[in-house]
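Shown here: target-v2.csv, CSV, C-alpha atoms and all ligand atoms.
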```csv
chain,number,residue,atom,x,y,z
A,26,VAL,CA,92.9,124.9,122.2
A,27,ASN,CA,95.0,122.7,120.0
A,28,ALA,CA,96.8,124.9,117.4
A,29,ASN,CA,96.0,122.4,114.6
A,30,GLU,CA,92.4,122.2,115.7
A,31,SER,CA,91.1,125.7,115.2
A,32,PRO,CA,92.1,126.2,111.5
A,33,SER,CA,90.4,122.8,110.7
A,34,LYS,CA,87.3,123.8,112.5
A,35,ALA,CA,87.2,127.2,110.7
A,36,LEU,CA,87.6,125.4,107.4
A,37,VAL,CA,84.8,122.9,108.1
A,38,GLY,CA,82.7,125.8,109.3
A,39,ALA,CA,83.2,127.5,106.0
A,40,ILE,CA,81.5,124.7,104.0
A,41,ALA,CA,78.0,125.8,103.2
A,42,ALA,CA,75.4,123.1,102.5
A,43,GLU,CA,73.4,125.2,100.1
A,44,GLU,CA,76.6,126.0,98.1
A,45,VAL,CA,77.8,122.4,97.7
A,46,THR,CA,74.3,121.3,96.9
A,47,ARG,CA,73.8,123.9,94.2
A,48,THR,CA,77.2,123.0,92.7
A,49,LEU,CA,76.3,119.3,92.5
A,50,VAL,CA,72.9,120.1,90.9
A,51,GLU,CA,74.7,122.1,88.2
A,52,LEU,CA,77.1,119.2,87.6
A,53,ILE,CA,74.3,116.7,87.3
A,54,ARG,CA,72.5,118.9,84.8
A,55,ARG,CA,75.4,118.7,82.4
A,56,PRO,CA,75.3,115.1,81.3
A,57,SER,CA,78.6,113.3,80.6
A,58,PRO,CA,77.8,109.6,80.1
A,59,ASN,CA,80.7,107.5,78.9
A,60,PRO,CA,80.8,106.1,76.3
A,61,GLY,CA,79.7,109.3,74.7
A,62,GLY,CA,82.6,111.7,74.9
A,63,THR,CA,80.5,114.5,76.3
A,64,GLU,CA,82.5,115.8,79.2
A,65,ALA,CA,83.1,119.3,77.7
A,66,ASP,CA,80.1,121.0,79.2
A,67,VAL,CA,80.6,119.8,82.7
A,68,ALA,CA,84.4,120.5,82.4
A,69,ALA,CA,83.5,124.1,81.4
A,70,PHE,CA,81.4,124.5,84.5
A,71,VAL,CA,84.3,123.3,86.8
A,72,ALA,CA,86.8,125.5,85.0
A,73,ASP,CA,84.5,128.6,85.4
A,74,TYR,CA,84.0,127.8,89.1
A,75,CYS,CA,87.8,127.5,89.7
A,76,ARG,CA,88.4,130.8,87.7
A,77,GLY,CA,85.9,132.4,90.0
A,78,LEU,CA,88.0,131.4,92.9
A,79,GLY,CA,91.0,133.1,91.3
A,80,LEU,CA,92.8,129.8,90.5
A,81,ASP,CA,95.1,129.3,87.6
A,82,VAL,CA,93.0,127.1,85.3
A,83,GLN,CA,94.0,125.1,82.3
A,84,ILE,CA,91.6,123.2,80.0
A,85,VAL,CA,93.6,120.4,78.4
A,86,GLY,CA,92.1,118.6,75.4
A,87,ILE,CA,92.7,114.9,75.7
A,88,ALA,CA,90.4,113.7,72.9
A,89,PRO,CA,88.1,115.6,70.5
A,90,GLY,CA,85.6,117.5,72.7
A,91,ARG,CA,86.9,115.8,75.9
A,92,PRO,CA,89.1,118.1,78.1
A,93,ASN,CA,90.6,117.6,81.5
A,94,VAL,CA,90.4,120.6,83.9
A,95,VAL,CA,93.6,121.4,85.8
A,96,ALA,CA,93.3,124.2,88.4
A,97,ARG,CA,96.2,125.3,90.6
A,98,LEU,CA,96.2,127.1,93.9
A,99,ARG,CA,99.8,128.1,94.8
A,100,GLY,CA,101.0,128.4,98.4
A,101,ARG,CA,103.1,131.2,99.7
A,102,SER,CA,106.2,129.1,99.9
A,103,ASP,CA,107.7,126.0,98.4
A,104,GLY,CA,106.4,122.7,99.6
A,105,PRO,CA,104.8,119.5,98.4
A,106,THR,CA,102.3,119.1,95.5
A,107,VAL,CA,98.9,117.8,96.5
A,108,VAL,CA,96.4,116.6,93.8
A,109,LEU,CA,92.7,116.4,94.4
A,110,ASN,CA,91.5,114.2,91.5
A,111,SER,CA,88.1,113.0,90.5
A,112,HIS,CA,86.3,112.2,87.3
A,113,LEU,CA,83.8,114.2,85.1
A,114,ASP,CA,82.3,111.2,83.3
A,115,THR,CA,79.5,108.9,84.5
A,116,VAL,CA,78.3,105.6,83.3
A,117,PRO,CA,75.3,105.8,80.9
A,118,ALA,CA,71.9,106.0,82.6
A,119,SER,CA,70.5,102.5,83.3
A,120,SER,CA,66.8,101.8,82.9
A,121,GLY,CA,64.5,101.9,85.9
A,122,TRP,CA,65.1,105.5,87.1
A,123,THR,CA,62.1,107.1,88.8
A,124,GLU,CA,64.0,110.4,89.2
A,125,ASP,CA,65.2,112.4,86.1
A,126,PRO,CA,68.9,111.2,85.9
A,127,PHE,CA,69.9,114.7,84.7
A,128,GLY,CA,67.5,116.7,86.7
A,129,GLY,CA,69.4,117.1,89.9
A,130,SER,CA,66.4,117.1,92.2
A,131,VAL,CA,66.9,117.8,95.9
A,132,HIS,CA,64.6,116.2,98.4
A,133,ASP,CA,64.7,114.2,101.6
A,134,GLY,CA,68.1,115.7,102.4
A,135,ARG,CA,69.6,114.2,99.3
A,136,VAL,CA,70.7,115.2,95.8
A,137,TRP,CA,69.4,112.8,93.1
A,138,GLY,CA,70.9,112.1,89.7
A,139,LEU,CA,73.4,110.3,87.5
A,140,GLY,CA,76.9,110.9,89.0
A,141,ALA,CA,75.5,112.2,92.4
A,142,CYS,CA,77.6,109.6,94.1
A,143,ASP,CA,80.1,108.7,91.3
A,144,ALA,CA,81.8,111.1,91.0
A,145,LYS,CA,80.1,114.5,90.6
A,146,GLY,CA,79.4,114.6,94.3
A,147,GLN,CA,83.1,114.2,95.0
A,148,ILE,CA,83.9,117.0,92.5
A,149,ALA,CA,81.3,119.3,94.2
A,150,ALA,CA,82.9,118.5,97.6
A,151,MET,CA,86.4,119.2,96.3
A,152,LEU,CA,85.2,122.5,94.8
A,153,ALA,CA,83.6,123.5,98.1
A,154,ALA,CA,86.9,122.6,99.9
A,155,LEU,CA,88.8,124.8,97.4
A,156,ARG,CA,86.4,127.7,98.1
A,157,ALA,CA,86.8,127.2,101.9
A,158,LEU,CA,90.6,127.2,101.5
A,159,VAL,CA,90.6,130.3,99.3
A,160,GLU,CA,88.2,132.2,101.4
A,161,SER,CA,89.6,131.4,104.9
A,162,ARG,CA,93.2,131.9,103.6
A,163,PRO,CA,95.2,129.7,105.8
A,164,SER,CA,98.9,130.0,104.9
A,165,LEU,CA,99.7,127.1,102.7
A,166,ALA,CA,103.1,125.9,101.4
A,167,GLY,CA,103.5,124.1,98.1
A,168,GLU,CA,100.7,123.7,95.6
A,169,LEU,CA,97.2,122.3,95.4
A,170,VAL,CA,96.1,121.0,92.0
A,171,LEU,CA,92.5,120.0,91.3
A,172,THR,CA,92.4,117.6,88.4
A,173,ALA,CA,88.9,116.9,87.1
A,174,VAL,CA,89.4,114.3,84.4
A,175,ILE,CA,87.6,112.5,81.6
A,176,ASP,CA,87.1,108.8,81.0
A,177,GLU,CA,87.5,107.1,84.3
A,178,GLU,CA,84.6,104.8,83.6
A,179,ALA,CA,86.3,103.4,80.5
A,180,GLY,CA,90.1,103.6,79.8
A,181,SER,CA,91.1,106.4,82.2
A,182,ILE,CA,92.8,108.4,79.4
A,183,GLY,CA,92.2,111.5,81.5
A,184,SER,CA,94.2,110.5,84.6
A,185,ARG,CA,96.9,108.7,82.6
A,186,ALA,CA,97.5,112.0,80.7
A,187,VAL,CA,97.3,114.3,83.7
A,188,ALA,CA,99.7,112.2,85.8
A,189,ARG,CA,102.1,112.1,82.9
A,190,ASP,CA,101.9,115.9,82.3
A,191,LEU,CA,102.3,116.7,86.0
A,192,GLY,CA,105.3,114.4,86.2
A,193,HIS,CA,105.8,114.8,89.9
A,194,VAL,CA,103.1,114.7,92.6
A,195,ASP,CA,103.7,114.1,96.3
A,196,TYR,CA,100.1,113.3,97.4
A,197,ALA,CA,97.1,112.3,95.4
A,198,VAL,CA,93.6,112.1,96.9
A,199,ILE,CA,91.3,110.2,94.5
A,200,GLY,CA,87.6,111.2,94.9
A,201,GLU,CA,85.4,108.1,94.7
A,202,PRO,CA,82.6,107.0,97.0
A,203,THR,CA,84.3,105.3,99.9
A,204,ARG,CA,81.8,106.4,102.7
A,205,LEU,CA,84.8,108.5,103.9
A,206,GLU,CA,86.8,105.4,104.6
A,207,VAL,CA,90.5,105.9,103.8
A,208,GLY,CA,91.1,103.6,100.8
A,209,ILE,CA,94.8,102.6,100.6
A,210,ALA,CA,94.5,99.8,98.1
A,211,HIS,CA,92.3,99.1,95.1
A,212,ARG,CA,91.9,96.4,92.5
A,213,GLY,CA,92.9,96.8,88.8
A,214,GLY,CA,91.9,95.1,85.6
A,215,VAL,CA,93.0,93.7,82.3
A,216,ARG,CA,90.4,92.6,79.8
A,217,PRO,CA,91.9,90.7,76.8
A,218,ARG,CA,89.8,89.8,73.8
A,219,ILE,CA,90.7,86.2,73.0
A,220,ILE,CA,90.0,85.0,69.4
A,221,VAL,CA,89.9,81.4,68.2
A,222,GLU,CA,90.0,81.0,64.5
A,223,GLY,CA,88.6,77.9,62.8
A,224,LYS,CA,87.6,77.1,59.3
A,225,ALA,CA,84.2,77.6,57.7
A,226,ALA,CA,82.4,74.8,56.0
A,227,HIS,CA,78.8,73.9,55.1
A,228,SER,CA,77.3,72.5,58.2
A,229,SER,CA,76.1,69.5,56.3
A,230,MET,CA,79.8,68.6,55.9
A,231,PRO,CA,81.4,69.5,59.3
A,232,ASP,CA,84.5,67.4,58.7
A,233,LEU,CA,85.6,69.9,56.1
A,234,GLY,CA,85.7,72.7,58.7
A,235,ILE,CA,87.2,73.5,62.1
A,236,ASN,CA,84.6,74.6,64.6
A,237,ALA,CA,85.9,77.7,66.4
A,238,ILE,CA,83.1,77.5,69.0
A,239,VAL,CA,84.0,73.9,69.9
A,240,LYS,CA,87.7,74.7,70.0
A,241,MET,CA,87.1,77.6,72.3
A,242,ARG,CA,86.1,74.9,74.9
A,243,LEU,CA,89.8,74.2,75.5
A,244,ILE,CA,90.4,77.8,76.2
A,245,ILE,CA,87.5,78.1,78.6
A,246,GLU,CA,88.7,75.0,80.5
A,247,GLY,CA,92.2,76.5,80.7
A,248,LEU,CA,90.9,79.8,81.9
A,249,GLU,CA,88.7,78.1,84.5
A,250,ARG,CA,91.8,76.4,85.9
A,251,TYR,CA,93.6,79.7,85.8
A,252,ALA,CA,90.8,81.4,87.7
A,253,GLU,CA,91.2,78.9,90.5
A,254,ARG,CA,94.9,79.6,90.6
A,255,VAL,CA,94.6,83.4,90.7
A,256,GLY,CA,91.9,83.1,93.4
A,257,GLN,CA,94.6,81.9,95.8
A,258,ARG,CA,96.1,85.4,95.6
A,259,ARG,CA,94.4,87.3,98.3
A,260,HIS,CA,95.1,90.8,99.5
A,261,PRO,CA,94.3,91.4,103.2
A,262,LEU,CA,92.1,94.4,102.4
A,263,ILE,CA,90.4,93.6,99.1
A,264,GLY,CA,90.3,89.8,98.9
A,265,PRO,CA,91.2,87.6,96.0
A,266,ALA,CA,92.3,88.3,92.4
A,267,THR,CA,89.7,87.0,89.9
A,268,ALA,CA,89.4,85.9,86.3
A,269,SER,CA,85.9,85.7,84.8
A,270,ILE,CA,84.8,85.0,81.3
A,271,THR,CA,82.2,87.8,80.8
A,272,MET,CA,81.3,87.7,77.1
A,273,ILE,CA,81.4,85.2,74.3
A,274,SER,CA,80.3,85.2,70.7
A,275,GLY,CA,80.8,83.1,67.6
A,276,GLY,CA,79.3,81.9,64.4
A,277,ARG,CA,77.9,83.8,61.5
A,278,ASN,CA,75.2,81.6,60.1
A,279,GLU,CA,73.1,78.8,61.5
A,280,SER,CA,74.1,76.5,58.6
A,281,ALA,CA,77.9,77.2,58.6
A,282,ILE,CA,80.6,75.8,60.7
A,283,PRO,CA,81.9,78.8,62.6
A,284,ASP,CA,85.3,80.1,61.6
A,285,ARG,CA,85.6,82.5,64.6
A,286,CYS,CA,84.8,82.7,68.2
A,287,GLU,CA,85.8,85.4,70.6
A,288,LEU,CA,85.5,85.9,74.3
A,289,ILE,CA,86.3,88.6,76.8
A,290,LEU,CA,88.2,87.7,80.0
A,291,ASP,CA,87.7,90.1,82.9
A,292,ARG,CA,90.8,89.8,85.0
A,293,ARG,CA,90.7,91.7,88.3
A,294,MET,CA,94.1,92.2,89.8
A,295,VAL,CA,95.2,92.8,93.4
A,296,PRO,CA,98.2,95.0,94.3
A,297,GLY,CA,101.4,93.2,93.6
A,298,GLU,CA,100.3,91.9,90.3
A,299,SER,CA,101.6,93.7,87.2
A,300,GLU,CA,99.8,94.1,83.9
A,301,GLU,CA,102.8,92.6,82.0
A,302,ALA,CA,102.9,89.5,84.3
A,303,VAL,CA,99.2,89.0,84.0
A,304,VAL,CA,99.2,89.2,80.2
A,305,ALA,CA,102.1,86.7,80.2
A,306,GLU,CA,100.1,84.3,82.4
A,307,ILE,CA,97.1,84.5,80.1
A,308,GLU,CA,99.3,83.9,77.0
A,309,ALA,CA,100.7,80.9,78.7
A,310,VAL,CA,97.2,79.5,79.3
A,311,LEU,CA,96.5,79.9,75.5
A,312,ARG,CA,99.8,78.3,74.5
A,313,GLU,CA,99.2,75.3,76.8
A,314,ALA,CA,95.8,74.8,75.2
A,315,ALA,CA,97.2,75.1,71.7
A,316,ALA,CA,99.9,72.6,72.5
A,317,ARG,CA,97.2,70.0,73.2
A,318,ASP,CA,95.4,70.5,69.9
A,319,PRO,CA,97.2,71.2,66.6
A,320,GLU,CA,94.0,72.5,65.1
A,321,LEU,CA,93.5,75.2,67.8
A,322,ARG,CA,94.5,78.7,66.6
A,323,VAL,CA,94.1,81.2,69.3
A,324,ARG,CA,95.5,84.7,70.0
A,325,ILE,CA,94.8,87.8,72.1
A,326,ASP,CA,93.4,90.5,69.9
A,327,GLY,CA,93.8,93.6,71.9
A,328,PHE,CA,92.3,94.7,75.2
A,329,ARG,CA,89.1,96.3,76.3
A,330,PRO,CA,89.7,99.7,78.0
A,331,VAL,CA,90.0,99.5,81.8
A,332,SER,CA,90.9,102.2,84.4
A,333,GLY,CA,94.3,100.6,85.0
A,334,PRO,CA,96.3,98.4,87.3
A,335,ALA,CA,95.9,97.8,91.0
A,336,SER,CA,97.9,99.8,93.5
A,337,GLU,CA,98.3,100.4,97.1
A,338,THR,CA,99.9,103.0,99.5
A,339,PRO,CA,101.7,101.8,102.6
A,340,ARG,CA,99.7,102.2,105.8
A,341,ASP,CA,102.5,104.2,107.5
A,342,ALA,CA,102.7,106.7,104.6
A,343,ARG,CA,102.3,110.4,105.7
A,344,LEU,CA,99.2,110.8,103.5
A,345,VAL,CA,97.4,107.9,105.1
A,346,GLY,CA,98.0,109.2,108.6
A,347,LEU,CA,96.9,112.7,107.8
A,348,ALA,CA,93.8,111.4,105.9
A,349,VAL,CA,92.8,109.4,109.0
A,350,GLU,CA,93.2,112.5,111.1
A,351,ALA,CA,91.2,114.6,108.7
A,352,VAL,CA,88.3,112.1,108.7
A,353,GLU,CA,88.5,111.9,112.5
A,354,ALA,CA,88.3,115.7,112.7
A,355,VAL,CA,85.0,115.8,110.8
A,356,THR,CA,83.3,112.5,111.5
A,357,ALA,CA,82.8,110.0,114.4
A,358,GLY,CA,85.8,107.9,113.4
A,359,ALA,CA,88.1,106.8,110.6
A,360,ARG,CA,88.6,103.4,109.0
A,361,ILE,CA,91.3,102.2,106.6
A,362,ALA,CA,89.9,100.1,103.8
A,363,GLY,CA,90.6,98.5,100.4
A,364,MET,CA,88.5,99.1,97.4
A,365,THR,CA,87.3,96.2,95.3
A,366,PHE,CA,86.8,98.5,92.3
A,367,GLY,CA,89.3,100.0,90.0
A,368,CYS,CA,90.1,103.7,90.1
A,369,ASP,CA,92.7,106.3,89.1
A,370,MET,CA,95.0,106.0,92.1
A,371,SER,CA,97.4,103.7,90.2
A,372,HIS,CA,98.3,106.4,87.7
A,373,PHE,CA,99.5,108.7,90.4
A,374,ARG,CA,101.3,105.9,92.3
A,375,ALA,CA,103.0,105.2,89.0
A,376,ILE,CA,104.7,108.7,89.1
A,377,GLY,CA,105.7,108.2,92.8
A,378,ALA,CA,102.8,109.9,94.6
A,379,GLU,CA,101.4,108.6,97.8
A,380,GLY,CA,97.7,108.0,97.1
A,381,VAL,CA,94.4,107.5,98.9
A,382,VAL,CA,90.9,106.9,97.6
A,383,LEU,CA,88.6,109.0,99.7
A,384,GLY,CA,85.2,110.5,99.3
A,385,PRO,CA,81.6,110.8,100.5
A,386,GLY,CA,78.9,108.5,99.2
A,387,ASP,CA,78.6,104.8,98.9
A,388,ILE,CA,79.7,102.7,95.8
A,389,ALA,CA,76.6,100.5,96.5
A,390,ARG,CA,74.4,103.3,95.2
A,391,CYS,CA,76.3,103.8,91.9
A,392,HIS,CA,75.9,102.4,88.4
A,393,LYS,CA,72.1,101.9,89.1
A,394,PRO,CA,68.9,103.8,89.0
A,395,ASP,CA,68.1,106.6,91.5
A,396,GLU,CA,71.6,107.3,92.5
A,397,TYR,CA,71.8,109.9,95.3
A,398,ILE,CA,74.1,111.4,97.8
A,399,GLY,CA,73.2,112.9,101.2
A,400,ILE,CA,73.7,116.6,101.6
A,401,ASP,CA,75.3,115.8,105.0
A,402,GLU,CA,77.7,113.5,103.3
A,403,LEU,CA,78.7,116.2,100.8
A,404,VAL,CA,79.3,118.7,103.6
A,405,MET,CA,81.4,116.2,105.5
A,406,GLY,CA,83.3,115.2,102.4
A,407,ALA,CA,84.2,118.8,101.6
A,408,GLY,CA,85.3,119.3,105.2
A,409,VAL,CA,87.5,116.3,105.1
A,410,TYR,CA,89.1,117.4,101.8
A,411,ALA,CA,89.7,120.9,103.1
A,412,THR,CA,91.2,119.7,106.4
A,413,LEU,CA,93.4,117.1,104.7
A,414,VAL,CA,94.8,119.6,102.2
A,415,HIS,CA,95.4,122.1,105.0
A,416,ARG,CA,97.3,119.6,107.0
A,417,LEU,CA,99.4,118.4,104.1
A,418,LEU,CA,100.4,121.9,103.1
A,419,ALA,CA,100.5,123.5,106.5
B,1,ZN,ZN,83.9,106.7,90.0
```
Write-out of the structure in C-alpha cells:
Amino acid sequence: VNANESPSKALVGAIAAEEVTRTLVELIRRPSPNPGGTEADVAAFVADYCRGLGLDVQIVGIAPGRPNVVARLRGRSDGPTVVLNSHLDTVPASSGWTEDPFGGSVHDGRVWGLGACDAKGQIAAMLAALRALVESRPSLAGELVLTAVIDEEAGSIGSRAVARDLGHVDYAVIGEPTRLEVGIAHRGGVRPRIIVEGKAAHSSMPDLGINAIVKMRLIIEGLERYAERVGQRRHPLIGPATASITMISGGRNESAIPDRCELILDRRMVPGESEEAVVAEIEAVLREAAARDPELRVRIDGFRPVSGPASETPRDARLVGLAVEAVEAVTAGARIAGMTFGCDMSHFRAIGAEGVVLGPGDIARCHKPDEYIGIDELVMGAGVYATLVHRLLA
C-alpha cells in the first residue's frame, strides 16, 4: 500500500453524500442574488457550520449587510497557508425556471436551484472536505483557510478584501464549476463606460447642434479595428482576447439633437495583459478618433464592476501538480485547462499565491434556468478538495 494513498482513500471515504447534499440544499434556501447585497444569511450558515467543526471563524463586514466568512483550521506545526475560496453570491434568477430557484429540490440524483453549480455546490463540497479533514484528523502542517466571499458575480469586492487582509497565501484553490478540470489560467475583464458629448438643438435645426449619436460612429469604428487587433492575442488554453461593444444609449427626446451618447465596451483580457495597459490602449483609440474630428468630445466615465484581471499559474507549479494528483486519486483522470470566464484567482495571484480554479459542476449549466449539480459530482468534488489540502499540508 502506498503511504500517500491510504489517507486519501480514508478522506474520500469520509465524504457522505447525504451530508453534502443537505448542506447544499440549506445554502440554496438562503437566496443571495447579486445585485442585491443579500449574502448575510448564507454567510451566517457557513459560519455556523465551520464553528460546529471547531474552526476559528471570523465574519468580516465588507459592505453593509455583506460579510465574508473566513474560517481557519490550524495544523500542528508550521507550514504553508492554503486557501479554499468560493463565492456566496449568485446571479439573479433568470426567467424560465421550472424548479423553484430557492427550493433546493433533490431528484434524479441532482440538487436543483440557483447557485447549485455556481458556486454554492463548490462551497458545500469545501465544507464537506473540511469536515472530513477535521474528523479523520490527519496530521497537517501550516494552515487551511476557507474564505467564502461576497460579490464575485459583480466587482469581487469580497476576494479583493480577503486577499489584501490575508497578505500572504501560498496556495489558493478557487471553487468554480470546472468539471474537476484543473484550471490554471482564466480570462479577466475591463468594462469602460465611454461617453460622447455633443450639443443639443431643436431637431428642426440640426446644424445648430452636434449629434452625439452620430459622433459615436467614429468611436465604434475605432473600437472595431481595436477588436480585430486584440483578437490576435491568443492564449494557448483560453483563446483570444476580445473587445465587444455590449450596450449603447443616447438621446433624450425624439425632436432634439442628442447631446450625449454612451456605450459600454466589454473587454476580455488574456493572461499577460494588464488592466493599466488595456485602459491605455482604449484611451489611445479615443484620442485617435478625436484627432480626426475637432467636434468629437469623448471620454471614459468610469468602469462597470468586473471580477478582475486575467491570471495564470505556471504548469510546473507545485499546486498544479498536486491538484492533478488529487483529481486522479478521485476520478478517472485529470485534465489541465483554461477558463474563458473571469474568477477570483487573480486576486490571490496578486499576493503571490499559486492558484488553480477547480470544482465540480459545469459552467454550461450556470446563469440559466434549472441549474443543477449531480450528487456524485459534489461527492467527488469534496473528495478532491480534501485530498488536495491533505497533500499540500502533509
Ligand atoms: Zn462563480
Distance query Arg329 (chain A) at most 10 Å, all atoms listed in the file, self and fewer than 2 positions along chain excluded, as an MDAnalysis selection string: chainID A and resid 179:180 214:218 289:291 326:327 331
Contacts with ligand ZN 1 (chain B) at most 7 Å, all atoms listed in the file counted, listed as a count of residues only: 7
Atom pair CA of Glu64 (chain A) / CA of Asp176 (chain A): separation (Å):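 The value is 8.6 Å.
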For Thr48 (chain A), the nearest of the candidates A:Val116, A:Val107, A:Met151, A:Val95, counting all atoms listed in the file: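 That would be A:Met151, the residue with the smallest distance to Thr48 (chain A).
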Nearest to Met370 (chain A) by atom-to-atom distance, counting only C-alpha atoms, from A:Gly62, A:Pro334, A:Gly247, A:Pro163: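 Closest candidate: A:Pro334.
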Selected residue, from A:Thr365, A:Asn93, A:Ser130, A:Thr271, that lies nearest to Leu52 (chain A) when counting only C-alpha atoms: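 Ranking A:Thr365, A:Asn93, A:Ser130, A:Thr271 by distance to Leu52 (chain A), first place goes to A:Ser130.
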Exercise: Ala210 (chain A) partners within 8 Å, all atoms listed in the file, chain neighbours under 3 positions left out, as a count of residues only: 12
Length of the CA of Leu205 (chain A) to CA of Leu383 (chain A) vector [Å]: 5.7 Å
A:Arg101, A:His193, A:Arg162, A:Arg135 ranked by distance to Pro32 (chain A), top pick (using all atoms listed in the file): A:Arg162
Between CA of Ile400 (chain A) and CA of Val136 (chain A), distance in Å (one decimal):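 Separation of CA of Ile400 (chain A) and CA of Val136 (chain A): 6.7 Å.
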Who sits within 8 Å of region 403-418 of chain A, only C-alpha atoms, same chain under 2 positions skipped, as a CSV table (one decimal) with C-alpha atoms, in the coordinates of the input:
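And here is the file that came out, selection-v8.csv:
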```csv
chain,number,residue,atom,x,y,z
A,33,SER,CA,90.4,122.8,110.7
A,36,LEU,CA,87.6,125.4,107.4
A,37,VAL,CA,84.8,122.9,108.1
A,40,ILE,CA,81.5,124.7,104.0
A,41,ALA,CA,78.0,125.8,103.2
A,42,ALA,CA,75.4,123.1,102.5
A,45,VAL,CA,77.8,122.4,97.7
A,46,THR,CA,74.3,121.3,96.9
A,104,GLY,CA,106.4,122.7,99.6
A,105,PRO,CA,104.8,119.5,98.4
A,107,VAL,CA,98.9,117.8,96.5
A,146,GLY,CA,79.4,114.6,94.3
A,147,GLN,CA,83.1,114.2,95.0
A,149,ALA,CA,81.3,119.3,94.2
A,150,ALA,CA,82.9,118.5,97.6
A,151,MET,CA,86.4,119.2,96.3
A,152,LEU,CA,85.2,122.5,94.8
A,153,ALA,CA,83.6,123.5,98.1
A,154,ALA,CA,86.9,122.6,99.9
A,155,LEU,CA,88.8,124.8,97.4
A,157,ALA,CA,86.8,127.2,101.9
A,158,LEU,CA,90.6,127.2,101.5
A,163,PRO,CA,95.2,129.7,105.8
A,165,LEU,CA,99.7,127.1,102.7
A,166,ALA,CA,103.1,125.9,101.4
A,167,GLY,CA,103.5,124.1,98.1
A,168,GLU,CA,100.7,123.7,95.6
A,169,LEU,CA,97.2,122.3,95.4
A,205,LEU,CA,84.8,108.5,103.9
A,344,LEU,CA,99.2,110.8,103.5
A,347,LEU,CA,96.9,112.7,107.8
A,348,ALA,CA,93.8,111.4,105.9
A,350,GLU,CA,93.2,112.5,111.1
A,351,ALA,CA,91.2,114.6,108.7
A,352,VAL,CA,88.3,112.1,108.7
A,354,ALA,CA,88.3,115.7,112.7
A,355,VAL,CA,85.0,115.8,110.8
A,356,THR,CA,83.3,112.5,111.5
A,384,GLY,CA,85.2,110.5,99.3
A,385,PRO,CA,81.6,110.8,100.5
A,386,GLY,CA,78.9,108.5,99.2
A,398,ILE,CA,74.1,111.4,97.8
A,399,GLY,CA,73.2,112.9,101.2
A,400,ILE,CA,73.7,116.6,101.6
A,401,ASP,CA,75.3,115.8,105.0
```
First collect every listed atom of region 220-226 of chain A; then fit an axis-aligned box around them, widen it by 4 Å on each side, and give centre and edge lengths in Å to one decimal, as AutoDock Vina command-line options.
```
--center_x 86.2 --center_y 79.9 --center_z 62.7 --size_x 15.6 --size_y 18.2 --size_z 21.4
```
Long-range neighbours of Gly77 (chain A) as a list in words, 12 Å cut-off, all atoms listed in the file, 3 positions minimum in chain: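 The residues satisfying every condition are Phe70, Val71, Ala72, Asp73, Tyr74, Leu80, Asp81, Val82, Ala96, Leu152, Leu155, Arg156, Val159 and Glu160 of chain A.
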Selected residues written out with C-alpha atoms, as an mmCIF file, in the coordinates of the input:
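Result file follows (again14.cif):
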```
data_model
loop_
_atom_site.group_PDB
_atom_site.id
_atom_site.type_symbol
_atom_site.label_atom_id
_atom_site.label_comp_id
_atom_site.auth_asym_id
_atom_site.auth_seq_id
_atom_site.Cartn_x
_atom_site.Cartn_y
_atom_site.Cartn_z
ATOM 1 C CA PHE A 70 81.400 124.500 84.500
ATOM 2 C CA VAL A 71 84.300 123.300 86.800
ATOM 3 C CA ALA A 72 86.800 125.500 85.000
ATOM 4 C CA ASP A 73 84.500 128.600 85.400
ATOM 5 C CA TYR A 74 84.000 127.800 89.100
ATOM 6 C CA LEU A 80 92.800 129.800 90.500
ATOM 7 C CA ASP A 81 95.100 129.300 87.600
ATOM 8 C CA VAL A 82 93.000 127.100 85.300
ATOM 9 C CA ALA A 96 93.300 124.200 88.400
ATOM 10 C CA LEU A 152 85.200 122.500 94.800
ATOM 11 C CA LEU A 155 88.800 124.800 97.400
ATOM 12 C CA ARG A 156 86.400 127.700 98.100
ATOM 13 C CA VAL A 159 90.600 130.300 99.300
ATOM 14 C CA GLU A 160 88.200 132.200 101.400
#
```
Test item: residues at most 8 Å from Glu396 (chain A), only C-alpha atoms, excluding those fewer than 2 positions along its chain, as a ChimeraX atom specification: /A:137-142,390-394,398
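Shortest atom-to-atom contact with Asp341 (chain A) among A:Glu379, A:Gly129, A:Ala314, A:Thr115: A:Glu379, counting only C-alpha atoms.
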Which residue of A:Thr123, A:Glu249, A:Val94, A:His211 approaches Ala173 (chain A) most closely, using all atoms listed in the file: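 Closest to Ala173 (chain A), using all atoms listed in the file: A:Val94.
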